[in-house]
Amino acid sequence: MPSDLSEESMSLLERFVVLMYDRTSDTMEVNDARKQLFAHKSRALENIPPTQAALQQHIKPASLQGNCWNQTLVLNPELPIPSDWGWTNEASGWQPHWTTLPEASKSCHELIHCGCKNGCTGRCKCTKATLKCTALCACSGDC
């Protein structure tokens with residue numbers, strides 16, 4: 001088993017994932033597809049591909065599993081170390097490590113905006129996220 005994902009394999013997998021989210025796209029990389037689908041095609045965050053970092057972390061455990069299955073009939077299989085393939089050893093056992101990037105909700109507060117027009121109320125997205133309104137909000141941050 002290779003020690004890491006090759007650039008060629010990663011490029012092919014990225015292109016495949018891009019086509020799964022937008023079959024007419026000519027984009028080759030998932031990060032570019034994310035930007036295009038979110039900014040130009042108004043797709044919700046749930047409907048755009050994962051980041052390149054998240055995709056790579058999702059591929060690693062799948063590759064490890066495939067390697068394990070490939071050796072099911074081997075008397076003494078040589079299995080790779082799970083920590084090299086997207087797993088972290090915690091007190092509760094091995095857990096998948098999904099991405100190397102910070103959670104978007106913690107790093108992209110500027111994307112949250114409300115549609116409040118006459119002052120913010122209990123339905124305000126910003127209030128619910130315990131954030132102050134910004135210039136992107138319909139209230140222009142004046143509440």
# chains A, B, ... in the order shown; residues from 1 in each chain; ligands from 1
$ select_by_dssp --residues "stretch 63-96 of chain A" --states "strand (DSSP E)" --output "ChimeraX atom specification"
/A:87-90,93-96
$ write_last_selection --atoms "N, CA and C atoms" --output "PDB file, in the first residue's frame"
ATOM      1  N   TRP A  87      -7.076   8.483  10.812  1.00  0.00           N
ATOM      2  CA  TRP A  87      -7.670   8.114  12.093  1.00  0.00           C
ATOM      3  C   TRP A  87      -6.837   8.678  13.221  1.00  0.00           C
ATOM      4  N   THR A  88      -7.493   9.031  14.324  1.00  0.00           N
ATOM      5  CA  THR A  88      -6.784   9.482  15.523  1.00  0.00           C
ATOM      6  C   THR A  88      -7.145   8.546  16.670  1.00  0.00           C
ATOM      7  N   ASN A  89      -6.147   8.219  17.476  1.00  0.00           N
ATOM      8  CA  ASN A  89      -6.355   7.316  18.604  1.00  0.00           C
ATOM      9  C   ASN A  89      -6.710   8.143  19.830  1.00  0.00           C
ATOM     10  N   GLU A  90      -7.963   8.036  20.251  1.00  0.00           N
ATOM     11  CA  GLU A  90      -8.448   8.768  21.411  1.00  0.00           C
ATOM     12  C   GLU A  90      -8.775   7.785  22.520  1.00  0.00           C
ATOM     13  N   GLY A  93     -11.135   5.118  21.637  1.00  0.00           N
ATOM     14  CA  GLY A  93     -10.743   4.257  20.519  1.00  0.00           C
ATOM     15  C   GLY A  93     -10.399   5.081  19.288  1.00  0.00           C
ATOM     16  N   TRP A  94     -10.218   4.401  18.170  1.00  0.00           N
ATOM     17  CA  TRP A  94      -9.874   5.077  16.928  1.00  0.00           C
ATOM     18  C   TRP A  94     -11.070   5.853  16.386  1.00  0.00           C
ATOM     19  N   GLN A  95     -10.854   7.126  16.066  1.00  0.00           N
ATOM     20  CA  GLN A  95     -11.894   8.003  15.544  1.00  0.00           C
ATOM     21  C   GLN A  95     -11.430   8.604  14.214  1.00  0.00           C
ATOM     22  N   PRO A  96     -12.337   8.757  13.234  1.00  0.00           N
ATOM     23  CA  PRO A  96     -11.937   9.373  11.963  1.00  0.00           C
ATOM     24  C   PRO A  96     -11.611  10.851  12.143  1.00  0.00           C
TER      25      PRO A  96
END
$ residues_around --residues "A:Gln52" --least-positions-apart "2" --cutoff "6 Å" --atoms "only C-alpha atoms" --output "list in words"
Val30, Ala54 and Leu55 of chain A
$ write_last_selection --atoms "N, CA, C and O atoms" --output "compact mmCIF listing (two decimals), in the first residue's frame"
# COMPACT_ATOMS: atom_id res chain seq x y z
N VAL A 30 -12.05 20.57 -6.48
CA VAL A 30 -13.24 20.74 -5.66
C VAL A 30 -13.33 22.14 -5.05
O VAL A 30 -14.42 22.69 -4.93
N ALA A 54 -10.94 18.23 3.29
CA ALA A 54 -11.92 17.27 3.81
C ALA A 54 -12.02 16.05 2.91
O ALA A 54 -12.10 14.92 3.39
N LEU A 55 -11.99 16.26 1.60
CA LEU A 55 -12.05 15.14 0.67
C LEU A 55 -10.87 14.20 0.88
O LEU A 55 -11.03 12.98 0.93
$ select_by_dssp --residues "stretch 1-120 of chain A" --states "alpha helix (DSSP H)" --output "JSON, numbers by chain"
{"A": [7, 8, 9, 10, 11, 12, 13, 14, 15, 16, 17, 18, 19, 20, 21, 30, 31, 32, 33, 34, 35, 52, 53, 54, 55, 56, 57, 58, 59, 60, 61, 62, 63, 64, 65, 66, 67, 68, 69, 70, 104, 105, 106, 107]}
$ atom_distance --atom1 "atom CA of A:Ser83" --atom2 "atom CA of A:Pro50"
21.4 Å
$ residues_around --residues "stretch 125-136 of chain A" --least-positions-apart "6" --cutoff "7 Å" --atoms "only C-alpha atoms" --output "count of residues only"
3
$ atom_distance --atom1 "atom CA of A:Asp26" --atom2 "atom CA of A:Ile48"
15.2 Å
$ atom_distance --atom1 "atom CA of A:Trp85" --atom2 "atom CA of A:Leu64"
6.3 Å
$ residues_around --residues "A:Lys35" --least-positions-apart "5" --cutoff "12 Å" --atoms "only C-alpha atoms" --output "list in words"
Val18, Thr27, Glu29, Val30, His40, Lys41, Ser42, Arg43, Ala44, Leu45, Asn47, Ile48, Pro49, Pro50 and Thr51 of chain A
$ closest_residue --among "A:Tyr21, A:Arg15, A:Ala138, A:Asn31" --to "A:Glu46" --atoms "only C-alpha atoms"
A:Tyr21
$ residues_around --residues "A:Ser63" --least-positions-apart "6" --cutoff "12 Å" --atoms "only C-alpha atoms" --output "count of residues only"
18
